[in-house]
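Q: What follows is the file final.cif, containing mmCIF, C-alpha atoms:
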data_my_file
loop_
_atom_site.label_atom_id
_atom_site.label_comp_id
_atom_site.auth_asym_id
_atom_site.auth_seq_id
_atom_site.Cartn_x
_atom_site.Cartn_y
_atom_site.Cartn_z
CA MET A 620 86.31 7.60 -141.37
CA ALA A 621 90.10 7.30 -141.79
CA LEU A 622 91.19 4.63 -144.27
CA GLN A 623 94.47 2.83 -144.81
CA ASN A 624 95.85 0.43 -147.40
CA ILE A 625 95.33 -3.28 -146.85
CA GLY A 626 98.71 -4.89 -146.07
CA ALA A 627 101.76 -3.32 -144.47
CA SER A 628 103.78 -3.67 -147.71
CA ASN A 629 101.35 -1.30 -149.49
CA ARG A 630 101.34 1.36 -146.76
CA ASP A 631 103.20 4.03 -148.80
CA ASP A 632 101.31 3.48 -152.08
CA ALA A 633 99.01 6.50 -152.47
CA PHE A 634 97.19 4.94 -155.46
CA TYR A 635 96.50 1.49 -153.93
CA ARG A 636 92.81 0.75 -154.42
CA TYR A 637 92.24 -1.84 -151.67
CA LYS A 638 91.51 0.06 -148.46
CA MET A 639 90.16 -0.70 -145.00
CA PRO A 640 89.21 1.51 -142.02
CA ARG A 641 91.70 2.11 -139.24
CA MET A 642 91.09 0.06 -136.11
CA ILE A 643 89.22 1.72 -133.22
CA THR A 644 89.24 0.06 -129.79
CA LYS A 645 87.60 0.84 -126.46
CA ILE A 646 88.41 -0.62 -123.04
CA GLU A 647 85.30 -1.47 -121.01
CA GLY A 648 84.83 -2.62 -117.41
CA ARG A 649 87.38 -2.84 -114.62
CA GLY A 650 89.13 -5.41 -112.48
CA ASN A 651 88.72 -9.02 -113.52
CA GLY A 652 85.88 -8.08 -115.90
CA ILE A 653 87.91 -5.67 -118.03
CA LYS A 654 87.49 -6.20 -121.78
CA THR A 655 88.64 -4.62 -125.04
CA ASN A 656 85.91 -3.77 -127.53
CA ILE A 657 86.94 -3.56 -131.20
CA VAL A 658 84.37 -0.98 -132.25
CA ASN A 659 84.67 -1.17 -136.06
CA ASN A 660 85.56 -4.86 -136.42
CA VAL A 661 82.55 -5.46 -138.71
CA GLU A 662 83.66 -2.72 -141.16
CA ILE A 663 87.23 -4.08 -141.15
CA ALA A 664 85.98 -7.61 -141.84
CA LYS A 665 83.82 -6.35 -144.74
CA ALA A 666 86.83 -4.63 -146.29
CA LEU A 667 88.82 -7.88 -145.97
CA ALA A 668 85.88 -10.02 -147.25
CA ARG A 669 86.13 -12.25 -144.18
CA PRO A 670 83.60 -13.01 -141.43
CA PRO A 671 84.13 -10.75 -138.38
CA SER A 672 84.14 -13.83 -136.15
CA TYR A 673 87.44 -14.92 -137.78
CA THR A 674 89.33 -11.77 -136.76
CA THR A 675 87.85 -11.83 -133.25
CA LYS A 676 88.80 -15.48 -132.76
CA TYR A 677 92.31 -14.80 -134.13
CA PHE A 678 92.88 -12.05 -131.56
CA GLY A 679 91.82 -14.41 -128.77
CA CYS A 680 94.08 -17.23 -130.02
CA GLU A 681 97.15 -15.01 -130.36
CA LEU A 682 96.64 -13.19 -127.03
CA GLY A 683 95.68 -16.31 -125.09
CA ALA A 684 92.41 -14.73 -123.96
CA GLN A 685 88.75 -15.48 -124.38
CA SER A 686 87.06 -13.70 -127.29
CA LYS A 687 83.44 -13.42 -128.36
CA PHE A 688 81.61 -12.00 -131.38
CA ASP A 689 77.87 -11.28 -131.11
CA GLU A 690 76.12 -11.84 -134.45
CA LYS A 691 73.05 -9.79 -133.47
CA THR A 692 74.73 -6.64 -132.15
CA GLY A 693 78.02 -6.95 -134.08
CA THR A 694 80.22 -6.39 -131.01
CA SER A 695 83.69 -7.96 -130.82
CA LEU A 696 85.10 -8.43 -127.29
CA VAL A 697 88.48 -9.74 -126.14
CA ASN A 698 89.14 -10.27 -122.44
CA GLY A 699 91.80 -8.01 -120.95
CA ALA A 700 93.08 -4.50 -121.69
CA HIS A 701 94.98 -4.48 -124.98
CA ASP A 702 96.60 -1.61 -126.85
CA THR A 703 95.29 -0.58 -130.29
CA ALA A 704 98.75 -0.80 -131.87
CA LYS A 705 99.17 -4.37 -130.63
CA LEU A 706 95.81 -5.45 -132.05
CA ALA A 707 96.58 -3.67 -135.34
CA GLY A 708 99.85 -5.65 -135.58
CA LEU A 709 97.95 -8.90 -135.05
CA LEU A 710 95.49 -7.83 -137.74
CA GLU A 711 98.41 -7.41 -140.20
CA ASN A 712 99.50 -11.00 -139.43
CA PHE A 713 95.92 -12.17 -140.06
CA ILE A 714 95.91 -10.39 -143.44
CA LYS A 715 99.20 -12.04 -144.47
CA LYS A 716 98.00 -15.53 -143.49
CA TYR A 717 94.31 -15.55 -144.41
CA VAL A 718 93.64 -12.65 -146.83
CA GLN A 719 96.53 -11.81 -149.18
CA CYS A 720 97.48 -14.08 -152.07
CA TYR A 721 100.82 -15.81 -151.49
CA GLY A 722 101.73 -15.27 -155.16
CA CYS A 723 100.84 -11.67 -156.06
CA GLY A 724 99.81 -10.19 -152.69
CA ASN A 725 96.30 -9.25 -153.87
CA PRO A 726 93.73 -9.25 -151.02
CA GLU A 727 90.91 -10.29 -153.36
CA THR A 728 90.98 -13.99 -152.38
CA GLU A 729 88.41 -16.61 -151.45
CA ILE A 730 88.72 -19.24 -148.72
CA LEU A 731 88.33 -22.84 -149.95
CA ILE A 732 88.10 -25.94 -147.76
CA THR A 733 89.14 -29.15 -149.52
CA LYS A 734 87.77 -32.64 -148.97
CA THR A 735 90.79 -33.45 -146.81
CA GLN A 736 89.92 -30.51 -144.47
CA MET A 737 92.73 -28.32 -145.78
CA ILE A 738 92.33 -24.53 -146.15
CA GLN A 739 93.32 -22.80 -149.38
CA LEU A 740 93.16 -19.22 -150.71
CA LYS A 741 92.15 -18.82 -154.37
CA CYS A 742 93.19 -15.48 -155.92
CA ALA A 743 90.64 -13.90 -158.26
CA ALA A 744 93.34 -11.87 -160.03
CA CYS A 745 96.18 -14.28 -160.90
CA GLY A 746 94.43 -17.62 -160.19
CA PHE A 747 97.12 -18.76 -157.75
CA ILE A 748 95.96 -21.18 -155.02
CA SER A 749 97.76 -20.69 -151.69
CA ASP A 750 98.00 -23.43 -149.05
CA VAL A 751 97.42 -22.11 -145.51
CA ASP A 752 99.57 -23.47 -142.69
CA MET A 753 97.27 -25.83 -140.78
CA ARG A 754 99.37 -25.61 -137.59
CA ASP A 755 97.73 -22.29 -136.72
CA LYS A 756 95.04 -22.40 -134.04
CA LEU A 757 92.50 -20.47 -136.12
CA THR A 758 92.41 -23.16 -138.83
CA THR A 759 90.29 -25.50 -136.69
CA PHE A 760 87.77 -22.72 -136.09
CA ILE A 761 87.59 -21.95 -139.84
CA VAL A 762 87.07 -25.63 -140.72
CA LYS A 763 84.22 -25.89 -138.19
CA ASN A 764 82.73 -22.53 -139.29
CA PRO A 765 83.32 -22.32 -143.06
CA PRO A 766 82.52 -19.03 -144.82
CA GLU A 767 79.18 -18.74 -146.53
CA THR A 768 79.06 -18.99 -150.30
CA LYS A 769 78.65 -15.51 -151.74
CA LYS A 770 75.79 -14.75 -154.10
CA GLY A 771 75.81 -12.29 -156.95
CA LYS A 772 74.12 -9.57 -154.90
CA ASP A 773 76.75 -9.89 -152.19
CA LYS A 774 79.54 -9.45 -154.74
CA LYS A 775 77.86 -6.36 -156.14
CA ALA A 776 77.49 -4.87 -152.67
CA MET A 777 81.15 -5.59 -151.91
CA ARG A 778 82.25 -3.91 -155.14
CA ARG A 779 80.11 -0.86 -154.40
CA ALA A 780 81.57 -0.64 -150.91
CA GLU A 781 85.06 -1.03 -152.38
CA VAL A 782 84.49 1.86 -154.80
CA GLN A 783 83.20 4.01 -151.94
CA ARG A 784 86.25 3.17 -149.80
CA VAL A 785 88.60 4.04 -152.67
CA GLU A 786 86.91 7.43 -153.17
CA GLU A 787 87.08 8.23 -149.45
CA GLY A 788 90.73 7.21 -149.37
CA ALA A 789 91.54 9.48 -152.33
CA VAL A 790 89.90 12.43 -150.58
CA ALA A 791 91.86 11.73 -147.40
CA ASP A 792 95.14 11.49 -149.34
CA GLU A 793 94.49 14.85 -151.03
CA GLU A 794 93.81 16.48 -147.67
CA GLN A 795 97.08 15.12 -146.28
CA LYS A 796 99.01 16.45 -149.32
CA LYS A 797 97.47 19.92 -148.84
CA LEU A 798 98.45 19.92 -145.15
CA LYS A 799 102.04 18.93 -146.00
CA LYS A 800 102.30 21.71 -148.61
CA GLY A 801 100.97 24.24 -146.08
CA MET A 802 103.53 23.16 -143.49
CA LYS A 803 106.40 23.53 -145.99
CA LYS A 804 105.35 27.08 -146.89
CA LYS A 805 105.50 28.26 -143.28
CA SER A 806 108.91 29.57 -142.30
CA SER A 807 110.70 28.01 -139.33
CA PRO A 808 111.13 30.10 -136.11
CA LYS A 809 114.93 29.55 -136.20
CA GLU A 810 115.26 31.52 -139.45
CA ALA A 811 113.15 34.38 -138.02
CA SER A 812 115.35 34.57 -134.92
CA VAL A 813 118.51 34.67 -137.05
CA LYS A 814 117.11 37.54 -139.13
CA THR A 815 116.21 39.60 -136.03
CA THR A 816 119.66 39.13 -134.45
CA THR A 817 121.49 40.14 -137.64
CA SER A 818 119.33 43.27 -138.00
CA LYS A 819 120.09 44.28 -134.39
CA LYS A 820 123.83 43.88 -134.99
CA LYS A 821 123.66 46.10 -138.06
CA ALA A 822 121.76 48.81 -136.16
CA ASN A 823 124.24 48.86 -133.27
CA GLY A 824 127.34 48.90 -135.52
CA SER A 825 129.44 46.72 -133.17
CA ASP A 826 133.11 45.81 -133.63
CA GLU A 827 132.12 42.31 -134.72
CA ASP A 828 130.68 43.75 -137.91
CA HIS A 829 134.10 45.25 -138.79
CA GLY A 830 136.02 42.09 -137.90
CA SER A 831 133.83 39.49 -139.68
CA PRO A 832 130.96 40.52 -141.98
CA PRO A 833 127.58 38.88 -141.26
CA ARG A 834 126.32 36.03 -143.42
CA VAL A 835 123.63 37.05 -145.88
CA HIS A 836 121.18 34.31 -146.89
CA ALA A 837 120.77 35.22 -150.55
CA PRO A 838 119.84 32.85 -153.40
CA PRO A 839 122.72 31.63 -155.55
CA GLU A 840 121.33 33.30 -158.69
CA LYS A 841 121.55 36.79 -157.15
CA GLU A 842 125.12 36.17 -155.99
CA GLU A 843 126.13 35.15 -159.52
CA GLU A 844 124.53 38.32 -160.91
CA ASP A 845 126.43 40.47 -158.39
CA ASP A 846 129.69 38.74 -159.34
CA ASP A 847 129.02 39.35 -163.04
CA ASP A 848 128.51 43.05 -162.40
CA ASP A 849 132.01 43.37 -160.90
CA VAL A 850 133.72 41.64 -163.87
CA GLN A 851 134.80 43.69 -166.88
CA TRP A 852 134.55 41.68 -170.11
CA GLN A 853 136.93 42.31 -173.04
CA THR A 854 138.21 40.35 -176.06
CA ASP A 855 141.81 39.31 -176.46
CA THR A 856 143.16 40.78 -179.72
CA SER A 857 146.76 39.67 -179.36
CA MET A 858 148.66 37.70 -182.03
CA GLU A 859 148.81 34.60 -179.84
CA ALA A 860 145.03 34.53 -179.42
CA ALA A 861 144.51 34.95 -183.18
CA ARG A 862 146.91 32.05 -183.87
CA LEU A 863 145.07 29.73 -181.43
CA GLN A 864 141.70 30.59 -183.01
CA ILE A 865 143.01 29.81 -186.51
CA GLN A 866 144.42 26.49 -185.22
CA GLU A 867 141.04 25.50 -183.72
CA GLN A 868 139.26 26.25 -186.99
CA LEU A 869 141.77 24.16 -188.93
CA ASN A 870 141.33 21.24 -186.51
CA ALA A 871 137.54 21.38 -186.96
CA VAL A 872 137.87 21.40 -190.76
CA THR A 873 140.29 18.46 -190.79
CA ALA A 874 138.04 16.46 -188.44
CA SER A 875 135.05 16.92 -190.75
CA MET A 876 137.19 15.84 -193.70
CA VAL A 877 138.21 12.67 -191.85
CA MET A 878 134.56 11.88 -191.08
CA ILE A 879 133.58 12.37 -194.71
CA SER A 880 136.38 10.08 -195.87
CA THR A 881 135.45 7.31 -193.42
CA SER A 882 131.76 7.46 -194.43
CA GLU A 883 132.75 7.23 -198.10
CA LYS A 884 134.92 4.19 -197.30
CA GLU A 885 131.99 2.47 -195.57
CA LYS A 886 129.76 3.14 -198.57
CA LYS A 887 132.38 1.67 -200.87
CA VAL A 888 132.72 -1.45 -198.68
CA LYS A 889 128.94 -1.97 -198.71
CA ALA A 890 128.83 -1.50 -202.49
CA VAL A 891 131.62 -4.09 -202.96
CA ASP A 892 129.79 -6.57 -200.68
CA LYS A 893 126.60 -6.18 -202.68
CA ALA A 894 128.48 -6.63 -205.96
CA GLN A 895 130.15 -9.81 -204.68
CA GLY A 896 126.79 -11.13 -203.42
CA SER A 897 127.75 -11.34 -199.75
CA PRO A 898 124.50 -11.92 -197.76
CA LYS A 899 125.82 -10.60 -194.44
CA SER A 900 125.85 -6.90 -193.67
CA ILE A 901 127.72 -5.06 -190.91
CA ASP A 902 124.63 -5.08 -188.65
CA ASP A 903 124.21 -8.85 -189.13
CA GLU A 904 127.82 -9.49 -188.07
CA ALA A 905 127.36 -7.25 -185.03
CA SER A 906 124.18 -9.09 -184.03
CA GLU A 907 126.00 -12.45 -184.35
CA ASN A 908 128.67 -11.20 -181.95
CA GLY A 909 125.96 -10.09 -179.44
CA ASN A 910 126.50 -6.36 -180.10
CA GLY A 911 123.69 -5.68 -182.59
CA PRO A 912 121.72 -2.44 -182.77
CA HIS A 913 118.95 -3.85 -180.55
CA GLU A 914 121.39 -4.93 -177.83
CA GLU A 915 123.14 -1.56 -177.99
CA LEU A 916 119.81 0.25 -177.60
CA VAL A 917 118.88 -1.94 -174.62
CA GLN A 918 122.25 -1.23 -173.00
CA GLU A 919 121.85 2.51 -173.58
CA ILE A 920 118.41 2.52 -171.95
CA LYS A 921 119.76 0.51 -169.00
CA THR A 922 122.47 3.07 -168.34
CA HIS A 923 119.92 5.90 -168.32
CA ILE A 924 117.73 3.98 -165.86
CA LYS A 925 120.69 3.23 -163.57
CA GLU A 926 121.70 6.89 -163.60
CA GLY A 927 118.28 7.77 -162.14
CA MET A 928 116.83 9.68 -165.09
CA THR A 929 113.43 11.23 -164.32
CA ALA A 930 110.27 10.16 -166.16
CA LYS A 931 110.06 13.38 -168.18
CA GLN A 932 113.71 13.16 -169.22
CA PHE A 933 113.24 9.49 -170.12
CA GLN A 934 110.19 10.32 -172.26
CA SER A 935 112.06 13.05 -174.16
CA PHE A 936 114.99 10.64 -174.65
CA ILE A 937 112.68 7.99 -176.15
CA THR A 938 111.04 10.44 -178.54
CA SER A 939 114.48 11.49 -179.81
CA LEU A 940 115.36 7.92 -180.91
CA THR A 941 115.32 7.16 -184.65
CA GLU A 942 114.30 3.50 -184.34
CA SER A 943 110.71 2.37 -184.89
CA ALA A 944 108.19 2.55 -182.05
CA GLU A 945 108.02 -1.26 -181.84
CA GLU A 946 111.81 -1.61 -181.51
CA VAL A 947 111.98 1.13 -178.87
CA MET A 948 109.16 -0.41 -176.77
CA SER A 949 110.76 -3.87 -176.95
CA ALA A 950 114.13 -2.42 -175.87
CA VAL A 951 112.55 -0.47 -172.97
CA TYR A 952 110.77 -3.55 -171.58
CA GLU A 953 113.90 -5.70 -171.93
CA ALA A 954 115.97 -3.01 -170.20
CA VAL A 955 113.54 -2.95 -167.27
CA VAL A 956 113.24 -6.72 -166.64
CA GLY A 957 116.14 -8.16 -168.63
CA ASP A 958 118.44 -8.66 -165.64
CA VAL A 959 115.78 -10.44 -163.56
CA GLU A 960 115.41 -14.22 -163.46
CA LYS A 961 112.42 -14.37 -161.10
CA GLY A 962 109.95 -11.84 -159.70
CA PHE A 963 109.29 -9.82 -162.87
CA ALA A 964 106.17 -8.15 -161.41
CA LYS A 965 108.13 -6.72 -158.45
CA GLU A 966 110.73 -5.26 -160.81
CA ILE A 967 107.97 -3.67 -162.91
CA VAL A 968 106.44 -2.06 -159.80
CA LYS A 969 109.85 -0.58 -158.91
CA LYS A 970 110.40 0.88 -162.41
CA LYS A 971 106.80 1.51 -163.48
CA GLY A 972 107.56 5.20 -164.09
CA TYR A 973 109.80 4.37 -167.06
CA LEU A 974 107.20 2.04 -168.63
CA ALA A 975 104.49 4.66 -168.11
CA ALA A 976 106.71 7.27 -169.81
CA ALA A 977 107.34 4.89 -172.72
CA VAL A 978 103.62 4.16 -173.21
CA GLY A 979 102.47 7.78 -172.82
CA GLU A 980 99.10 8.72 -174.30
CA GLU A 981 99.64 7.68 -177.92
CA ASP A 982 97.19 5.29 -179.59
CA GLY A 983 98.54 1.77 -180.01
CA SER A 984 101.39 2.17 -177.54
CA GLN A 985 99.72 -0.22 -175.08
CA LEU A 986 99.49 -2.93 -177.75
CA LEU A 987 103.18 -2.34 -178.52
CA LEU A 988 104.01 -2.96 -174.85
CA LEU A 989 101.93 -6.14 -174.84
CA SER A 990 103.69 -7.41 -177.98
CA ALA A 991 107.02 -6.55 -176.31
CA ILE A 992 106.00 -8.69 -173.31
CA GLU A 993 105.06 -11.53 -175.66
CA GLY A 994 108.36 -11.31 -177.56
CA PHE A 995 110.45 -11.17 -174.38
CA THR A 996 108.58 -14.16 -172.93
CA LYS A 997 109.31 -16.26 -176.02
CA LYS A 998 113.08 -15.77 -175.92
CA SER A 999 113.42 -15.58 -172.09
CA ASN A 1000 113.49 -18.31 -169.48
CA PRO A 1001 110.35 -20.38 -168.67
CA THR A 1002 109.78 -18.34 -165.48
CA ALA A 1003 108.74 -15.33 -167.56
CA ALA A 1004 105.88 -17.32 -169.13
CA LYS A 1005 104.71 -18.55 -165.72
CA GLU A 1006 104.61 -15.01 -164.28
CA VAL A 1007 102.86 -13.36 -167.24
CA ALA A 1008 99.58 -13.05 -165.27
CA LEU A 1009 101.40 -11.29 -162.41
CA VAL A 1010 103.10 -8.94 -164.91
CA LEU A 1011 99.79 -8.04 -166.57
CA LYS A 1012 98.15 -7.43 -163.20
CA ALA A 1013 101.01 -5.19 -162.04
CA LEU A 1014 100.75 -3.09 -165.21
CA TYR A 1015 96.95 -2.98 -164.88
CA ASP A 1016 97.11 -1.83 -161.24
CA ALA A 1017 99.65 0.86 -162.17
CA ASP A 1018 97.21 2.22 -164.84
CA ILE A 1019 99.76 1.57 -167.58
CA LEU A 1020 97.62 -1.00 -169.42
CA GLU A 1021 93.87 -0.75 -169.87
CA GLU A 1022 91.41 -3.61 -169.86
CA GLU A 1023 90.22 -3.33 -173.47
CA TYR A 1024 93.75 -3.49 -174.90
CA ILE A 1025 94.69 -6.50 -172.74
CA VAL A 1026 91.60 -8.45 -173.82
CA LYS A 1027 92.10 -7.47 -177.48
CA TRP A 1028 95.74 -8.62 -177.40
CA TYR A 1029 94.73 -11.92 -175.76
CA GLU A 1030 91.97 -12.68 -178.28
CA GLU A 1031 94.21 -11.87 -181.25
CA GLY A 1032 96.94 -14.09 -179.78
CA LEU A 1033 94.57 -17.07 -179.50
CA GLU A 1034 93.56 -16.67 -183.13
CA GLY A 1035 97.10 -16.00 -184.43
CA SER A 1036 99.86 -18.30 -185.57
CA ASN A 1037 101.36 -18.51 -182.07
CA LYS A 1038 98.16 -19.74 -180.41
CA GLY A 1039 99.89 -22.84 -178.98
CA SER A 1040 102.24 -20.79 -176.78
CA SER A 1041 102.11 -21.22 -173.01
CA ILE A 1042 101.73 -17.47 -172.51
CA TRP A 1043 98.00 -17.62 -173.33
CA LYS A 1044 97.39 -20.49 -170.92
CA ASN A 1045 99.11 -18.65 -168.06
CA ALA A 1046 97.37 -15.34 -168.84
CA LYS A 1047 93.90 -16.92 -168.98
CA PRO A 1048 93.02 -16.58 -165.21
CA PHE A 1049 93.74 -12.85 -165.26
CA ILE A 1050 91.74 -12.31 -168.48
CA GLU A 1051 88.77 -14.19 -167.00
CA TRP A 1052 88.98 -12.05 -163.86
CA LEU A 1053 88.91 -8.88 -165.98
CA GLN A 1054 85.93 -10.06 -168.01
CA ASN A 1055 83.97 -11.11 -164.93
CA ALA A 1056 84.58 -7.75 -163.26
CA GLU A 1057 83.44 -5.95 -166.43
CA SER A 1058 80.25 -8.00 -166.71
CA GLU A 1059 79.36 -7.37 -163.05
CA SER A 1060 79.93 -3.61 -163.44
CA GLU A 1061 77.64 -3.59 -166.51
CA GLU A 1062 74.90 -5.38 -164.54
CA GLU A 1063 75.16 -2.77 -161.80
#
Write the structure described by the file as structure tokens, please.

A:
Amino acid sequence: MALQNIGASNRDDAFYRYKMPRMITKIEGRGNGIKTNIVNNVEIAKALARPPSYTTKYFGCELGAQSKFDEKTGTSLVNGAHDTAKLAGLLENFIKKYVQCYGCGNPETEILITKTQMIQLKCAACGFISDVDMRDKLTTFIVKNPPETKKGKDKKAMRRAEVQRVEEGAVADEEQKKLKKGMKKKSSPKEASVKTTTSKKKANGSDEDHGSPPRVHAPPEKEEEDDDDDVQWQTDTSMEAARLQIQEQLNAVTASMVMISTSEKEKKVKAVDKAQGSPKSIDDEASENGNGPHEELVQEIKTHIKEGMTAKQFQSFITSLTESAEEVMSAVYEAVVGDVEKGFAKEIVKKKGYLAAAVGEEDGSQLLLLSAIEGFTKKSNPTAAKEVALVLKALYDADILEEEYIVKWYEEGLEGSNKGSSIWKNAKPFIEWLQNAESESEEE
């Protein structure tokens, strides 16, 4: 069964764990009695954690046709002949309105009906409560037919089905990658035809060969080697060349002498400051002016990110730095999200490769990243503290942060000196979601 990611915005994410089966439709009957049967509507509804009657009714409301879902047989029928692509587009609209969280976009939500007959979506990941637009036609049907309260066994079955869907989706993605690699290896017919025509021209020895030589498709490395073979290398032993070489050596010696003298002057200045009892050093004055060593490191990392440095190059660059691991991690996180005033989680998803390279596989690096998030949230705007749950979830979904380190950091923060900070209050819904998921997996 072919699977796809839930939500059109996550279509290109190969590692997205929320999957659903692709829609399969079948047109039945003819004339005035023609109908469209959504064959796997029950499986789609299970993946979305919504009753299948909701999706069937939504199709009927949007298409202006009668729709019916049979609870006994599980068949979903919509009057009229409708294309699969059109119904799939309507299903995407249903997911945006009634499945995905309006805050973080997670499809793991629960429908709530308030006392005032208003419909809300409660996200199990970030705790955000979304208000559904009650002007939609489907809202009256949902209020009259509220979803059943799920029991523990139902949640376990849904989680097992989710794990199975993720595994099937991973297998399908690997098969698609293998097919793409196989297609790239095959040579195109145009190149084969060009090779045959050039070989025929060489065999015939036509006048065109004498006028303009044929183009040879050779790799650039071989051409460079051929060019090097034609060149004759020799050293210049003239008096002018010897004079230039001596001048270059003298310039290098004088430059090193200048560097030594300047370093000695700096040492003398520092010694005089210490003797006079001046409390401020050169680094302190630079930090007061906004150009301290931390700000310079952040700016350097930003330039590398803007230049499009790869993850491997970025990792080797980080390991070459002389600062402490804590300072480097704090500078990396600030360089990634420092220019953003709102939507920190989206920026992290865009640049998650750099954070993953910074964390690596070393022990304690995840806790350093969490402490960097905490430090940035303290000195940043209030929006960063409000979106800390979304940031943690984005890093958790990207496999950059693991559950045990997040919980450990949260518990130590509640017991520490900064336990009154708003960051712990905003991160609490996500921590509770992690702990509940862990307890349910242990019961299974």

Q: Go through A:Arg754, A:Glu767, A:Val1010, A:Ala743 one by one, measure the shortest atom-to-atom distance of each to Asn1055 in chain A using all atoms listed in the file, and give the residue with the smallest value.

A: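 Closest residue, counting all atoms listed in the file: A:Ala743.
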
Q: I'd like the contact shell of Lys676 in chain A - 8 Å cut-off, only C-alpha atoms, skipping same-chain residues fewer than 4 positions apart - returned as an MDAnalysis selection string.

A: chainID A and resid 672 680 686:687 757

Q: Could you check which of A:Glu942, A:Ile732, A:Ala789, A:Arg641 is closest to Lys763 in chain A, using all atoms listed in the file?

A: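 Smallest distance to Lys763 in chain A is found for A:Ile732.
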
Q: Within 12 Å of (108.9, 0.5, -182.2), all atoms listed in the file: residues as an MDAnalysis selection string?

A: chainID A and resid 913 916 937:938 940:952 977:978 983:988 990:991

Q: Written as an mmCIF file with C-alpha atoms, in the coordinates of the input, which residues does the PyMOL selection byres ((chain A and resi 627-635) around 10) give for the file shown?

A:
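Writing done, so here's expr-v4.cif:
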data_model
loop_
_atom_site.group_PDB
_atom_site.id
_atom_site.type_symbol
_atom_site.label_atom_id
_atom_site.label_comp_id
_atom_site.auth_asym_id
_atom_site.auth_seq_id
_atom_site.Cartn_x
_atom_site.Cartn_y
_atom_site.Cartn_z
ATOM 1 C CA GLN A 623 94.470 2.830 -144.810
ATOM 2 C CA ASN A 624 95.850 0.430 -147.400
ATOM 3 C CA ILE A 625 95.330 -3.280 -146.850
ATOM 4 C CA GLY A 626 98.710 -4.890 -146.070
ATOM 5 C CA ARG A 636 92.810 0.750 -154.420
ATOM 6 C CA TYR A 637 92.240 -1.840 -151.670
ATOM 7 C CA LYS A 638 91.510 0.060 -148.460
ATOM 8 C CA GLY A 708 99.850 -5.650 -135.580
ATOM 9 C CA GLU A 711 98.410 -7.410 -140.200
ATOM 10 C CA ASN A 712 99.500 -11.000 -139.430
ATOM 11 C CA ILE A 714 95.910 -10.390 -143.440
ATOM 12 C CA LYS A 715 99.200 -12.040 -144.470
ATOM 13 C CA GLY A 724 99.810 -10.190 -152.690
ATOM 14 C CA VAL A 785 88.600 4.040 -152.670
ATOM 15 C CA GLY A 788 90.730 7.210 -149.370
ATOM 16 C CA ALA A 789 91.540 9.480 -152.330
ATOM 17 C CA ASP A 792 95.140 11.490 -149.340
ATOM 18 C CA GLU A 793 94.490 14.850 -151.030
ATOM 19 C CA ASP A 1016 97.110 -1.830 -161.240
ATOM 20 C CA ALA A 1017 99.650 0.860 -162.170
ATOM 21 C CA ASP A 1018 97.210 2.220 -164.840
#

Q: From the list A:Ile643, A:Ile761, A:Arg669, A:Val661, which residue is nearest Lys705 in chain A when using all atoms listed in the file?

A: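 Comparing A:Ile643, A:Ile761, A:Arg669, A:Val661 against Lys705 in chain A, the winner is A:Ile643.
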